[in-house]
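The block underneath contains the structure these notes are about, expressed in structure tokens.
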Amino acid sequence: MTLVLVLAAHVLAVLAMPIVLVGLVNRTKSWWAGRRGPKVSQSFWDLLRLLRKQPVFSAVTTPLFRAGAWAVLASSLLAAQIAPIFGALAPLQFSHDFIVFGYVLGLGRIFLMLSAMDVGSSFEGMGTAREASFTAFIEPALFLLVGTAALGSGQTSFAGAIGLFQGSAAYPWLVVPAVLVLFVLLQAEAARVPVDDPLTHLELTMIHEVMVLDHSGPDLAAMQYAAAVKLTMYAGLIAALLNPVDTMADPVRGVAVSVLLMAAVAVAVGCVESLVARLRMRLVPRYLVLATVLAAGSLGVAGWIAGGGA
Amino acid sequence: MNSLLAAQALLLAGAAVSLLPMRNGWRAAAGLASQAIAMLLVLGVALPVVFGAAPLQGEQAWAHPVGTLKVRLDALGAFFLAWSLPMTLLGSVYAVGYLRRYFGSERHVGVHYALLNMTALSFVLVYTGDHALVFLLGWEIAALAAWLLVIWDYPNQKVRFAGFNYLVSTHIGLIFLVSAFMILYTHSGSWELESFGRWLRDNPGAERNLVFLLLLTSCGLKSAFFPFHSWLPRAHAAAPAHVSALMSGVIHKAGLYALVRFVLLIGRPDEWMGWFLIGFSLLSAVIGALYTAGQRDLKRLLGYSSTENVGIAGLGFGVGCLGLAWGNATLTGVGFAGGLLHVLNHAFFKCQLFYAAGSVYQATHTVDIEKLGGLARLMPWTALAFVLGGVAISALPPLNGFTSEFLIYSGLFTGQAVPAWAKVALAGTAAGLAFVGAVSALSITRAFGVVFLGVPRDASIETPQEVCRWMLAPTMLHAAGVVVLGVAPVLGLAMVEGAASLALADLPAGAAMDIHQPLRELSATLARIGAISAALALAIALLWWLRSRLGGGPAPQHVTWGCGYTAPNSRMQYTGSSFSWDFSQRFRGLIVLLRRQHAPEGYFPKDAYLISDCVDAVERRLFAVIKHGDESATDLSRRLKEDDPRLAFAAALVAVVLISGLIVLAGGPLK
């Protein structure tokens, strides 16, 4: 029964938290800028407004363009059911499910990139090329990180590896690098500063936003919501890594602590965005590779500790 | 056994008939009909073996020095036959459409069909031969037939060069294979693979290691592993599309077959063999993927992705080898099943992609992606086939490429009790595989996005039309296979189960009480993956349908947003090289990028150009080494003054020392 309730909370959080987290990020940014800022629920009303609008399509698009946004949304939502945000459990959990997680997100990404290429614009092509190549630099980090957690906890499922990592001998050594790697993954996947700036209004400097330039109405809403779901997912992974409460033993406290941790991550994202400028484009791959190297180092340390080195 | 012989006779007869003087259409029909019947005959005996029937054996007395010819069809060979022959037939059907222009001409199309028949024959020989000479005969027939098929357009000098390049490489591979066989023959005194296996099992040591390396090199040359791939980009670009498809998807899988066959013969490989195979395969996968990112020629791009994908399959076999070495049933099962399933999946999507590329070539007479654009609206079926193949080759769900990579990943992230350092190394390999996946998504987005999406870039290319049904039917059949194997991966697993159990049977008794247990677990996992894939595909389709239903009438259309610029033209679209340049130039140490440019100058600039391309580093290096060696030899002989008598005395002294040393060495270990 508890399990069912926690899983229901998971699904609910995956659907509702994107709105809250984006609101918190924006609220934090306005606080740093000395403004009061929009309501936390503002992005919900923005999405509702977009859903009511009639879209305009570029004349060169193919049916693929119309499917693009919805495929991105569907795959993000599916991936979010595998990501353990409340500790050692997730609605979809089986051995090596993190591979499905990574590749379902990959499917969403390829749809995003192909629908950007579909309009035949040089700006969107530029964004697609950046998205594709930056992904190649950061993609190994996720697998190295899960490998580290799996080695430490002896589990092969995503939820088991992340949620039970706390009990392993390597945890005190590796919790900081693991959180840092996840934070960089969040910035890369959810298109946040310093990798990408969702608010920039110069087409030459954008990645994610430039790819959705020609999306409008409900399709744009789906794209924006999907990006927010990814933000939630990675914030949830950080929360699961840090959450000291066993959610199965004490579901109310576990869920509450996780939600608060996710909110804290959103505030951290907002602070970084307020205090740091977006990196120059050619430095972004170095930043991402740094995260991958950090993850590889963590894996090495986890192996050393598991091998009885410590 | 008789149906195998009958199939071989039929293929030969079909080849002979298609050479007869009659209309080209009849020649093709003779080839196709004989191939179809032979395929049915072979499948009739091979499919039961794939799904668990006892292996077939037969022998035929032959003159000295060959001795008794032994034929044996076990689950591994039957698995390869079960898809190689149907796919060759589909390729021959595609050829009808691809070569249709020649059917009414003077050109003898029958030769082409005879060669396709010989290719099918070579599969029957290689995959059933239990005698080294039968194996070599099949291997050689496949090589020669492939060479002749590649040079279909022989008046073109580039095509001839590509053909000879291939011929030389494949024969260098043959030399390695023959040397390995000679070593095995001297020890076992028999040409039978089974007796090779007996010697290999019982004699670990330096000589077995040497045989393993020789075989790996030969298979590497056949299947185009890095750095033995240099023939591949040229051959794939030069050959007709169906020949490229068959070479990449089907013919060169014989190299992987030989690899798995000899690993099974070794029985319990050393641990270093598994690690070596993993390292070698990862290198192929990474470098092959990096090369796909920069190619201008669509077929060269697909060729490099073969190097990448044999590497991925090799990773699976490497994991399987480690499993055998450690006596671990789960790793053995997942490694071999994953590797073999990837071989099957790759055959499906790679042929499909080559067929789509061939359709593009037929319609536009070019495969240079910088000249193409916007084909999706003119050739919707070809575009659909390409994008399905592309999603599959990037190993993304819900298509088949994902299922086999999932198995290989789950072998790399094993939960089995293996040493911690091994887990670290395997997880690091998995991270490399993740990089490969991301790069292949990049290349496919680039290739599909530039060629099929947007608007046409070059006005000199006539408006293309969808190709004929002879070409579309095989392409779409492959596409259907890609989808079915993606949402029902259990079907694919059922095909490789028999072959994987052969590996499990090599484990020492006790390590696997029930050898089918690991495979049953895999089957359950894959059923779950298939269900998730199907749900995902349905969800996307449903959302798309709802969206188009609830859209409320046709949406208004407008030009693409050009950031306020109101006179965009098709040349301003992002090009293939601008797409990949930034990425590729970060790997300049591994790949060679060429860039020639003449920037516009002055107030009235004329004649500005920019040419960029990505060429093969191994090939360039090869010629550079030859040149360097030649120069240094010339230099040495100039400096040594060869007519100096002192030199002759010194050389003779060295020779005497060397020879006596060799005699002493040879005498040593024998006593």
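We name chains A, B, ... following the order of the structure tokens; residues begin at 1 in each chain, and ligands are numbered from 1 as shown.
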Please check the contacts: residues of chain A at most 6 Å away from chain B, using only C-alpha atoms, listed as a PyMOL selection string. chain A and resi 56-59+67+71+103+107+117-122+125+129+132-133+136+140+143-144+147+156+303+307
Can you spit out the residues from that selection as a PDB file, in the first residue's frame, using N, CA and C atoms?
```pdb
ATOM      1  N   VAL A  56       1.477  28.014 -35.879  1.00  0.00           N
ATOM      2  CA  VAL A  56       1.823  28.353 -37.265  1.00  0.00           C
ATOM      3  C   VAL A  56       3.004  27.472 -37.626  1.00  0.00           C
ATOM      4  N   PHE A  57       2.923  26.795 -38.775  1.00  0.00           N
ATOM      5  CA  PHE A  57       4.019  25.914 -39.165  1.00  0.00           C
ATOM      6  C   PHE A  57       4.800  26.521 -40.318  1.00  0.00           C
ATOM      7  N   SER A  58       6.076  26.244 -40.341  1.00  0.00           N
ATOM      8  CA  SER A  58       6.874  26.663 -41.483  1.00  0.00           C
ATOM      9  C   SER A  58       6.420  25.869 -42.709  1.00  0.00           C
ATOM     10  N   ALA A  59       6.447  26.514 -43.869  1.00  0.00           N
ATOM     11  CA  ALA A  59       5.926  25.885 -45.083  1.00  0.00           C
ATOM     12  C   ALA A  59       6.785  24.712 -45.551  1.00  0.00           C
ATOM     13  N   ALA A  67       5.103  15.651 -35.194  1.00  0.00           N
ATOM     14  CA  ALA A  67       5.254  14.596 -34.189  1.00  0.00           C
ATOM     15  C   ALA A  67       6.334  14.969 -33.189  1.00  0.00           C
ATOM     16  N   ALA A  71       6.785  13.608 -29.304  1.00  0.00           N
ATOM     17  CA  ALA A  71       7.723  12.520 -29.028  1.00  0.00           C
ATOM     18  C   ALA A  71       8.688  12.943 -27.925  1.00  0.00           C
ATOM     19  N   TYR A 103      18.640   6.015 -23.103  1.00  0.00           N
ATOM     20  CA  TYR A 103      18.341   5.943 -24.539  1.00  0.00           C
ATOM     21  C   TYR A 103      16.943   6.463 -24.864  1.00  0.00           C
ATOM     22  N   LEU A 107      16.094   9.258 -27.597  1.00  0.00           N
ATOM     23  CA  LEU A 107      15.043   9.275 -28.623  1.00  0.00           C
ATOM     24  C   LEU A 107      14.379  10.647 -28.663  1.00  0.00           C
ATOM     25  N   MET A 117      15.863  20.465 -37.633  1.00  0.00           N
ATOM     26  CA  MET A 117      16.432  20.436 -38.992  1.00  0.00           C
ATOM     27  C   MET A 117      15.333  20.553 -40.045  1.00  0.00           C
ATOM     28  N   ASP A 118      14.104  20.185 -39.650  1.00  0.00           N
ATOM     29  CA  ASP A 118      13.006  20.094 -40.617  1.00  0.00           C
ATOM     30  C   ASP A 118      12.626  21.445 -41.207  1.00  0.00           C
ATOM     31  N   VAL A 119      12.930  22.547 -40.516  1.00  0.00           N
ATOM     32  CA  VAL A 119      12.487  23.836 -41.034  1.00  0.00           C
ATOM     33  C   VAL A 119      13.515  24.453 -41.983  1.00  0.00           C
ATOM     34  N   GLY A 120      14.678  23.790 -42.129  1.00  0.00           N
ATOM     35  CA  GLY A 120      15.662  24.278 -43.093  1.00  0.00           C
ATOM     36  C   GLY A 120      16.224  25.643 -42.758  1.00  0.00           C
ATOM     37  N   SER A 121      16.417  25.914 -41.462  1.00  0.00           N
ATOM     38  CA  SER A 121      16.962  27.216 -41.080  1.00  0.00           C
ATOM     39  C   SER A 121      18.394  27.055 -40.631  1.00  0.00           C
ATOM     40  N   SER A 122      19.246  28.009 -41.001  1.00  0.00           N
ATOM     41  CA  SER A 122      20.646  27.874 -40.604  1.00  0.00           C
ATOM     42  C   SER A 122      20.776  28.023 -39.090  1.00  0.00           C
ATOM     43  N   GLY A 125      19.795  24.803 -37.499  1.00  0.00           N
ATOM     44  CA  GLY A 125      20.834  23.817 -37.797  1.00  0.00           C
ATOM     45  C   GLY A 125      22.004  23.982 -36.846  1.00  0.00           C
ATOM     46  N   ALA A 129      23.413  21.231 -34.270  1.00  0.00           N
ATOM     47  CA  ALA A 129      24.793  20.743 -34.280  1.00  0.00           C
ATOM     48  C   ALA A 129      25.386  20.847 -32.893  1.00  0.00           C
ATOM     49  N   ALA A 132      23.848  18.191 -30.605  1.00  0.00           N
ATOM     50  CA  ALA A 132      24.340  16.842 -30.920  1.00  0.00           C
ATOM     51  C   ALA A 132      25.756  16.652 -30.408  1.00  0.00           C
ATOM     52  N   SER A 133      26.626  17.663 -30.618  1.00  0.00           N
ATOM     53  CA  SER A 133      28.015  17.414 -30.240  1.00  0.00           C
ATOM     54  C   SER A 133      28.193  17.539 -28.731  1.00  0.00           C
ATOM     55  N   ALA A 136      27.410  14.344 -26.994  1.00  0.00           N
ATOM     56  CA  ALA A 136      28.431  13.304 -27.079  1.00  0.00           C
ATOM     57  C   ALA A 136      29.453  13.459 -25.958  1.00  0.00           C
ATOM     58  N   PRO A 140      28.653  10.078 -21.755  1.00  0.00           N
ATOM     59  CA  PRO A 140      29.349   9.069 -20.947  1.00  0.00           C
ATOM     60  C   PRO A 140      29.251   9.345 -19.453  1.00  0.00           C
ATOM     61  N   PHE A 143      26.526   7.409 -17.638  1.00  0.00           N
ATOM     62  CA  PHE A 143      26.785   5.980 -17.475  1.00  0.00           C
ATOM     63  C   PHE A 143      27.913   5.734 -16.476  1.00  0.00           C
ATOM     64  N   LEU A 144      28.917   6.615 -16.480  1.00  0.00           N
ATOM     65  CA  LEU A 144      29.993   6.462 -15.501  1.00  0.00           C
ATOM     66  C   LEU A 144      29.461   6.670 -14.095  1.00  0.00           C
ATOM     67  N   GLY A 147      27.433   3.745 -13.109  1.00  0.00           N
ATOM     68  CA  GLY A 147      28.394   2.661 -12.877  1.00  0.00           C
ATOM     69  C   GLY A 147      29.024   2.794 -11.493  1.00  0.00           C
ATOM     70  N   THR A 156      21.856  -3.312  -9.668  1.00  0.00           N
ATOM     71  CA  THR A 156      21.914  -3.103 -11.114  1.00  0.00           C
ATOM     72  C   THR A 156      20.750  -2.268 -11.640  1.00  0.00           C
ATOM     73  N   GLY A 303      35.860   1.793  -7.507  1.00  0.00           N
ATOM     74  CA  GLY A 303      36.473   0.490  -7.746  1.00  0.00           C
ATOM     75  C   GLY A 303      37.568   0.196  -6.747  1.00  0.00           C
ATOM     76  N   GLY A 307      37.428  -2.729  -4.151  1.00  0.00           N
ATOM     77  CA  GLY A 307      38.467  -3.752  -4.241  1.00  0.00           C
ATOM     78  C   GLY A 307      39.221  -3.912  -2.934  1.00  0.00           C
TER      79      GLY A 307
END
```
Got a sec to tell me which of stretch 74-304 of chain A DSSP assigns to alpha helix (DSSP H), as an NGL selection string? :A and (74-82 or 97-117 or 122-153 or 158-163 or 171-189 or 208-211 or 217-242 or 251-275 or 284-304)
Got a sec: who's within 12 Å of A:Ile305, counting only C-alpha atoms, leaving out chain neighbours fewer than 4 positions off, as a list of chain:residue names? A:Thr148, A:Leu151, A:Gly152, A:Ser153, A:Ser168, A:Ala169, A:Ala170, A:Tyr171, A:Pro172, A:Trp173, A:Leu174, A:Ser298, A:Leu299, A:Gly300, A:Val301, A:Gly309, A:Ala310, B:Pro419, B:Ala420, B:Trp421, B:Val424
Extract the full set of strand (DSSP E or B) residues from stretch 532-660 of chain B according to DSSP on the backbone, and format it as a list in words.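 Selecting the strand (DSSP E or B) positions of stretch 532-660 of chain B gives Gln557, His558, Val592, Leu593, Leu594, Arg595, Arg596, Gln597, His598, Tyr609, Leu610, Ile611, Ser612, Asp613, Cys614 and Val615 of chain B.
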With N, CA and C atoms retained, export the selected residues as a PDB file, in the first residue's frame.
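Output saved as out_9.pdb:
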```
ATOM      1  N   GLN B 557       0.299  28.398 -42.531  1.00  0.00           N
ATOM      2  CA  GLN B 557       1.712  28.158 -42.840  1.00  0.00           C
ATOM      3  C   GLN B 557       2.419  29.466 -43.085  1.00  0.00           C
ATOM      4  N   HIS B 558       3.700  29.468 -42.807  1.00  0.00           N
ATOM      5  CA  HIS B 558       4.474  30.688 -42.964  1.00  0.00           C
ATOM      6  C   HIS B 558       5.899  30.301 -43.290  1.00  0.00           C
ATOM      7  N   VAL B 592      41.386  12.864 -40.181  1.00  0.00           N
ATOM      8  CA  VAL B 592      42.026  13.867 -41.029  1.00  0.00           C
ATOM      9  C   VAL B 592      40.943  14.712 -41.676  1.00  0.00           C
ATOM     10  N   LEU B 593      40.980  16.012 -41.423  1.00  0.00           N
ATOM     11  CA  LEU B 593      40.007  16.910 -42.030  1.00  0.00           C
ATOM     12  C   LEU B 593      40.728  17.776 -43.057  1.00  0.00           C
ATOM     13  N   LEU B 594      40.159  17.846 -44.236  1.00  0.00           N
ATOM     14  CA  LEU B 594      40.741  18.687 -45.275  1.00  0.00           C
ATOM     15  C   LEU B 594      39.890  19.932 -45.410  1.00  0.00           C
ATOM     16  N   ARG B 595      40.517  21.055 -45.639  1.00  0.00           N
ATOM     17  CA  ARG B 595      39.768  22.289 -45.802  1.00  0.00           C
ATOM     18  C   ARG B 595      40.549  23.183 -46.748  1.00  0.00           C
ATOM     19  N   ARG B 596      39.957  23.479 -47.875  1.00  0.00           N
ATOM     20  CA  ARG B 596      40.585  24.414 -48.817  1.00  0.00           C
ATOM     21  C   ARG B 596      39.616  25.556 -49.003  1.00  0.00           C
ATOM     22  N   GLN B 597      40.105  26.763 -48.875  1.00  0.00           N
ATOM     23  CA  GLN B 597      39.157  27.854 -49.045  1.00  0.00           C
ATOM     24  C   GLN B 597      39.800  29.038 -49.724  1.00  0.00           C
ATOM     25  N   HIS B 598      38.957  29.788 -50.379  1.00  0.00           N
ATOM     26  CA  HIS B 598      39.378  31.016 -51.010  1.00  0.00           C
ATOM     27  C   HIS B 598      38.327  32.042 -50.611  1.00  0.00           C
ATOM     28  N   TYR B 609      35.386  30.115 -52.661  1.00  0.00           N
ATOM     29  CA  TYR B 609      34.906  28.754 -52.424  1.00  0.00           C
ATOM     30  C   TYR B 609      35.429  28.237 -51.094  1.00  0.00           C
ATOM     31  N   LEU B 610      34.784  27.211 -50.625  1.00  0.00           N
ATOM     32  CA  LEU B 610      35.230  26.521 -49.416  1.00  0.00           C
ATOM     33  C   LEU B 610      34.941  25.042 -49.619  1.00  0.00           C
ATOM     34  N   ILE B 611      35.984  24.233 -49.545  1.00  0.00           N
ATOM     35  CA  ILE B 611      35.796  22.792 -49.703  1.00  0.00           C
ATOM     36  C   ILE B 611      36.301  22.127 -48.440  1.00  0.00           C
ATOM     37  N   SER B 612      35.461  21.292 -47.828  1.00  0.00           N
ATOM     38  CA  SER B 612      35.946  20.568 -46.661  1.00  0.00           C
ATOM     39  C   SER B 612      35.560  19.109 -46.810  1.00  0.00           C
ATOM     40  N   ASP B 613      36.404  18.252 -46.303  1.00  0.00           N
ATOM     41  CA  ASP B 613      36.112  16.821 -46.389  1.00  0.00           C
ATOM     42  C   ASP B 613      36.855  16.113 -45.260  1.00  0.00           C
ATOM     43  N   CYS B 614      36.440  14.878 -45.042  1.00  0.00           N
ATOM     44  CA  CYS B 614      37.053  14.075 -43.989  1.00  0.00           C
ATOM     45  C   CYS B 614      37.575  12.820 -44.666  1.00  0.00           C
ATOM     46  N   VAL B 615      38.891  12.631 -44.697  1.00  0.00           N
ATOM     47  CA  VAL B 615      39.456  11.486 -45.413  1.00  0.00           C
ATOM     48  C   VAL B 615      40.044  10.493 -44.419  1.00  0.00           C
TER      49      VAL B 615
END
```
Which is closer to A:Val265 than all the others in A:Leu24, A:Val60, A:Ser30, A:Trp45, using only C-alpha atoms? A:Leu24
Using only C-alpha atoms, which protein or nucleic acid residues come within 7 Å of A:Asp196? Drop anything in the same chain fewer than 2 positions from it, and give the result as number ranges by chain. A: 191-194, 198, 206-207, 278
List the neighbours of B:Leu590 out to 8 Å using only C-alpha atoms; skip same-chain residues closer than 3 positions along the sequence, and give me the result as JSON, numbers by chain. {"B": [287, 587, 617]}
Which residue of B:Arg520, B:Arg457, B:His112, B:Arg72 approaches B:Leu372 most closely, using only C-alpha atoms: B:Arg457
Shell around A:Ser76 at 12 Å using only C-alpha atoms, local window under 3 positions removed, as number ranges by chain: A: 14-15, 18, 69-73, 79-83, 100-109, 111-112, 189-190, 222-234; B: 536, 539-540
